[in-house]
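Asks: You'll find data-v7.pdb just under this line, and it carries PDB, C-alpha atoms.
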```pdb
ATOM      1  CA  MET A   1       1.761  15.793  -1.733
ATOM      2  CA  PRO A   2       4.032  16.219   1.312
ATOM      3  CA  VAL A   3       7.417  14.579   1.087
ATOM      4  CA  SER A   4       9.476  13.686   4.159
ATOM      5  CA  ALA A   5      12.439  16.045   4.038
ATOM      6  CA  SER A   6      16.066  15.137   4.558
ATOM      7  CA  PRO A   7      18.281  17.975   5.819
ATOM      8  CA  ALA A   8      20.245  18.072   2.550
ATOM      9  CA  ALA A   9      17.051  18.485   0.506
ATOM     10  CA  LEU A  10      15.882  21.591   2.383
ATOM     11  CA  ALA A  11      16.633  25.076   1.064
ATOM     12  CA  CYS A  12      15.788  28.677   1.855
ATOM     13  CA  GLY A  13      12.233  29.508   0.823
ATOM     14  CA  ASP A  14      10.932  25.968   1.301
ATOM     15  CA  VAL A  15       7.738  25.521   3.297
ATOM     16  CA  VAL A  16       7.772  22.567   5.674
ATOM     17  CA  ARG A  17       5.125  21.151   7.972
ATOM     18  CA  THR A  18       5.660  19.757  11.434
ATOM     19  CA  SER A  19       2.912  18.115  13.452
ATOM     20  CA  HIS A  20       0.898  21.326  13.972
ATOM     21  CA  THR A  21       2.541  24.209  12.109
ATOM     22  CA  ARG A  22       3.719  25.254   8.685
ATOM     23  CA  TRP A  23       7.146  26.916   8.613
ATOM     24  CA  VAL A  24       9.132  28.897   6.041
ATOM     25  CA  ILE A  25      12.870  28.208   5.987
ATOM     26  CA  MET A  26      14.561  31.608   6.136
ATOM     27  CA  HIS A  27      18.154  30.455   6.581
ATOM     28  CA  HIS A  28      19.876  27.087   6.402
ATOM     29  CA  GLN A  29      23.295  26.541   7.977
ATOM     30  CA  GLY A  30      24.612  23.033   8.410
ATOM     31  CA  THR A  31      22.107  21.106  10.491
ATOM     32  CA  HIS A  32      20.366  24.221  11.835
ATOM     33  CA  LEU A  33      17.415  26.038  10.312
ATOM     34  CA  LEU A  34      16.000  29.458  11.005
ATOM     35  CA  LEU A  35      12.235  29.165  10.558
ATOM     36  CA  CYS A  36       9.320  31.586  10.531
ATOM     37  CA  PRO A  37       5.777  30.297  11.092
ATOM     38  CA  LEU A  38       3.128  30.495   8.380
ATOM     39  CA  GLN A  39      -0.125  31.246  10.219
ATOM     40  CA  PRO A  40      -3.695  32.270   9.384
ATOM     41  CA  ALA A  41      -3.991  36.056   9.433
ATOM     42  CA  GLY A  42      -5.638  37.187  12.644
ATOM     43  CA  ALA A  43      -7.112  40.561  13.524
ATOM     44  CA  PRO A  44      -4.076  41.908  15.423
ATOM     45  CA  ARG A  45      -1.253  42.198  12.908
ATOM     46  CA  HIS A  46       2.393  42.512  13.883
ATOM     47  CA  ARG A  47       4.732  44.946  12.142
ATOM     48  CA  ALA A  48       6.729  42.057  10.683
ATOM     49  CA  ASP A  49       3.831  39.989   9.317
ATOM     50  CA  VAL A  50       4.139  39.455   5.567
ATOM     51  CA  PRO A  51       0.891  38.531   3.789
ATOM     52  CA  LEU A  52       1.054  35.398   1.676
ATOM     53  CA  PRO A  53       0.027  36.077  -1.947
ATOM     54  CA  TRP A  54      -3.030  34.107  -3.034
ATOM     55  CA  GLN A  55      -0.975  32.277  -5.697
ATOM     56  CA  ASP A  56       1.423  30.938  -3.047
ATOM     57  CA  GLY A  57      -1.486  30.098  -0.762
ATOM     58  CA  LEU A  58      -3.137  28.111  -3.532
ATOM     59  CA  HIS A  59       0.118  26.269  -4.292
ATOM     60  CA  LEU A  60       0.706  25.454  -0.587
ATOM     61  CA  GLY A  61      -2.888  24.491   0.196
ATOM     62  CA  CYS A  62      -3.482  27.432   2.543
ATOM     63  CA  MET A  63      -7.130  28.427   2.360
ATOM     64  CA  GLY A  64      -7.895  32.015   3.288
ATOM     65  CA  ASP A  65      -5.507  34.744   4.343
ATOM     66  CA  TYR A  66      -2.145  33.621   5.701
ATOM     67  CA  VAL A  67       0.900  35.567   6.854
ATOM     68  CA  VAL A  68       4.557  34.747   7.337
ATOM     69  CA  GLN A  69       5.207  35.808  10.918
ATOM     70  CA  CYS A  70       8.768  37.096  10.918
ATOM     71  CA  ARG A  71       9.615  35.911  14.410
ATOM     72  CA  PRO A  72      12.482  33.473  14.020
ATOM     73  CA  VAL A  73      12.684  30.036  15.581
ATOM     74  CA  ARG A  74      15.840  27.915  15.472
ATOM     75  CA  ARG A  75      15.471  24.147  14.938
ATOM     76  CA  LEU A  76      17.492  21.199  13.773
ATOM     77  CA  ALA A  77      16.870  20.253  10.163
ATOM     78  CA  GLY A  78      14.670  17.299   9.344
ATOM     79  CA  GLN A  79      13.120  16.701  12.767
ATOM     80  CA  GLY A  80       9.711  15.404  11.687
ATOM     81  CA  MET A  81       9.478  17.904   8.814
ATOM     82  CA  GLN A  82       7.636  17.360   5.567
ATOM     83  CA  LYS A  83       8.307  19.640   2.630
ATOM     84  CA  ILE A  84       4.999  20.879   1.204
ATOM     85  CA  GLY A  85       6.220  23.479  -1.274
ATOM     86  CA  THR A  86       8.258  26.602  -1.893
ATOM     87  CA  LEU A  87       7.449  30.308  -1.595
ATOM     88  CA  SER A  88       7.669  32.463  -4.690
ATOM     89  CA  ARG A  89      10.912  34.428  -4.977
ATOM     90  CA  SER A  90       9.192  37.781  -4.522
ATOM     91  CA  CYS A  91       7.364  36.673  -1.368
ATOM     92  CA  PHE A  92      10.543  35.131   0.068
ATOM     93  CA  ARG A  93      12.558  38.319  -0.614
ATOM     94  CA  HIS A  94       9.848  40.394   1.040
ATOM     95  CA  ALA A  95       9.743  38.079   4.091
ATOM     96  CA  ARG A  96      13.535  38.043   4.389
ATOM     97  CA  ALA A  97      13.678  41.847   4.290
ATOM     98  CA  ALA A  98      10.923  42.033   6.930
ATOM     99  CA  LEU A  99      12.831  39.559   9.109
ATOM    100  CA  ALA A 100      16.040  41.593   8.848
ATOM    101  CA  THR A 101      14.151  44.773   9.742
ATOM    102  CA  GLU A 102      12.411  43.079  12.675
ATOM    103  CA  LEU A 103      15.656  41.715  14.094
ATOM    104  CA  LEU A 104      17.327  45.129  13.785
ATOM    105  CA  GLN A 105      14.352  46.747  15.529
ATOM    106  CA  ARG A 106      14.545  44.187  18.330
ATOM    107  CA  ARG A 107      18.250  44.877  18.704
ATOM    108  CA  THR A 108      17.610  48.608  19.147
ATOM    109  CA  GLU A 109      14.594  48.097  21.440
ATOM    110  CA  THR A 110      16.392  45.679  23.761
ATOM    111  CA  PRO A 111      20.127  46.426  23.507
ATOM    112  CA  HIS A 112      20.843  44.613  26.786
ATOM    113  CA  LYS A 113      19.858  41.240  25.322
ATOM    114  CA  PRO A 114      22.393  39.306  23.247
ATOM    115  CA  PRO A 115      21.722  39.262  19.492
ATOM    116  CA  TYR A 116      20.102  36.236  17.947
ATOM    117  CA  ALA A 117      22.827  33.855  16.775
ATOM    118  CA  LEU A 118      22.584  30.748  14.638
ATOM    119  CA  ALA A 119      25.953  29.386  15.629
ATOM    120  CA  ALA A 120      28.368  29.605  18.518
ATOM    121  CA  SER A 121      30.243  32.873  18.827
ATOM    122  CA  HIS A 122      33.523  31.305  17.698
ATOM    123  CA  VAL A 123      32.063  30.120  14.361
ATOM    124  CA  ARG A 124      32.235  32.608  11.506
ATOM    125  CA  LEU A 125      28.974  32.878   9.581
ATOM    126  CA  PRO A 126      29.002  33.252   5.795
ATOM    127  CA  ARG A 127      28.074  36.631   4.343
ATOM    128  CA  HIS A 128      24.425  36.991   3.447
ATOM    129  CA  PRO A 129      21.821  39.788   3.779
ATOM    130  CA  LEU A 130      21.021  38.882   7.386
ATOM    131  CA  HIS A 131      24.660  38.521   8.487
ATOM    132  CA  ILE A 132      24.560  41.564  10.730
ATOM    133  CA  VAL A 133      21.631  40.274  12.754
ATOM    134  CA  PHE A 134      22.951  36.733  13.190
ATOM    135  CA  SER A 135      26.460  37.608  14.316
TER     136      SER A 135
END
```
Show this structure as structure tokens.
Replies:
Amino acid sequence: MPVSASPAALACGDVVRTSHTRWVIMHHQGTHLLLCPLQPAGAPRHRADVPLPWQDGLHLGCMGDYVVQCRPVRRLAGQGMQKIGTLSRSCFRHARAALATELLQRRTETPHKPPYALAASHVRLPRHPLHIVFS
């Protein structure tokens, strides 16, 4: 049963639903979230798509094959979000590693673009596995 989520109740690995999309919370910092969409698996697969295990799909109510698309989106926490569940630890670790790899690949492919940042440049981010790609 979906529960309307307050920003304080959200954590990394939670799966939330907005009006049309399911999202996985990859990073939570203050009032900002870094989200990756949870989508049905299509024929063209991206290098950073992480397949959702059937156990997680069953728990989250996702029928068929789903993937975590490791293309980050930044949003404010709690804006019309309903928490519908949590990814398993192994799936979340796999998705987080794929996201870090994808962001590093993007940085090398397009060095002229500024790196993805969660906060303003003057704010120091806490150390975590994705620190190098967010700073």
Asks: So which residues touch Gln69 (chain A) within 7 Å, counting all atoms listed in the file, skipping near sequence neighbours fewer than 4 positions away, as a list in words?
Replies: Cys36, Pro37, Leu38, Ala48, Asp49 and Val50 of chain A
Asks: For a test of reading the model, state the distance in Å between CA of Val16 (chain A) and CA of Gly61 (chain A), rounded to one decimal.
Replies: 12.1 Å
Asks: Once the PyMOL selection byres ((chain A and resi 73) around 6) has been applied to the shown file, what residues remain in the selection, as a list in words?
Replies: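 Residues picked by the PyMOL selection byres ((chain A and resi 73) around 6): Leu34, Leu35, Pro72 and Arg74 of chain A.
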Asks: Restricting the output to C-alpha atoms, write the selected residues as a short mmCIF file (atom, residue, chain, number, x, y, z; two decimals), in the frame of the given file.
Replies:
```cif
data_model
loop_
_atom_site.label_atom_id
_atom_site.label_comp_id
_atom_site.auth_asym_id
_atom_site.auth_seq_id
_atom_site.Cartn_x
_atom_site.Cartn_y
_atom_site.Cartn_z
CA LEU A 34 16.00 29.46 11.00
CA LEU A 35 12.24 29.16 10.56
CA PRO A 72 12.48 33.47 14.02
CA ARG A 74 15.84 27.92 15.47
#
```
Asks: Of the candidates A:Thr101, A:Thr110, A:Gln79, A:Thr86, which one gets nearest to Thr18 (chain A) if we count all atoms listed in the file?
Replies: A:Gln79
Asks: Counting all atoms listed in the file, find residues at most 6 Å from (16.6, 22.3, 6.7) (file frame) and give them as JSON, numbers by chain.
Replies: {"A": [7, 10, 28, 33, 77, 78]}
Asks: Would you write out, as a VMD selection string, every residue that the PyMOL selection byres ((chain A and resi 51) around 9) captures in this file?
Replies: chain A and resid 41 49 to 50 52 to 53 65 to 69 91 95
Asks: For Ala8 (chain A), which of A:Arg89, A:Arg22, A:Arg96, A:His32 is the closest residue, counting all atoms listed in the file?
Replies: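 Checking each candidate against Ala8 (chain A), we get A:His32 as the closest.
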Asks: Just give me the gap between CA of Gln82 (chain A) and CA of Arg47 (chain A) in Å, one decimal is fine.
Replies: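 Computed distance, CA of Gln82 (chain A) to CA of Arg47 (chain A), equals 28.5 Å.
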Asks: Please return the centre and edge lengths, in Å to one decimal, of a box with edges along x, y and z that contains all listed atoms of region 83-96 of chain A, widened by 6 Å on every side, as lines of an AutoDock Vina configuration file.
Replies:
```
center_x = 9.3
center_y = 30.0
center_z = -0.3
size_x = 20.5
size_y = 32.8
size_z = 21.4
```
Asks: Find the residue from A:Ile25, A:Ala11, A:Arg93, A:Cys70 that sits nearest to Gln39 (chain A); use only C-alpha atoms when measuring.
Replies: A:Cys70
Asks: Using the chain letters and numbers from this file, what does the PyMOL selection byres ((chain A and resi 58-60) around 9) select? Give the answer as a list in words.
Replies: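 Selected by the PyMOL selection byres ((chain A and resi 58-60) around 9) here: Val15, Pro53, Trp54, Gln55, Asp56, Gly57, Gly61, Cys62, Met63, Ile84, Gly85, Thr86 and Leu87 of chain A.
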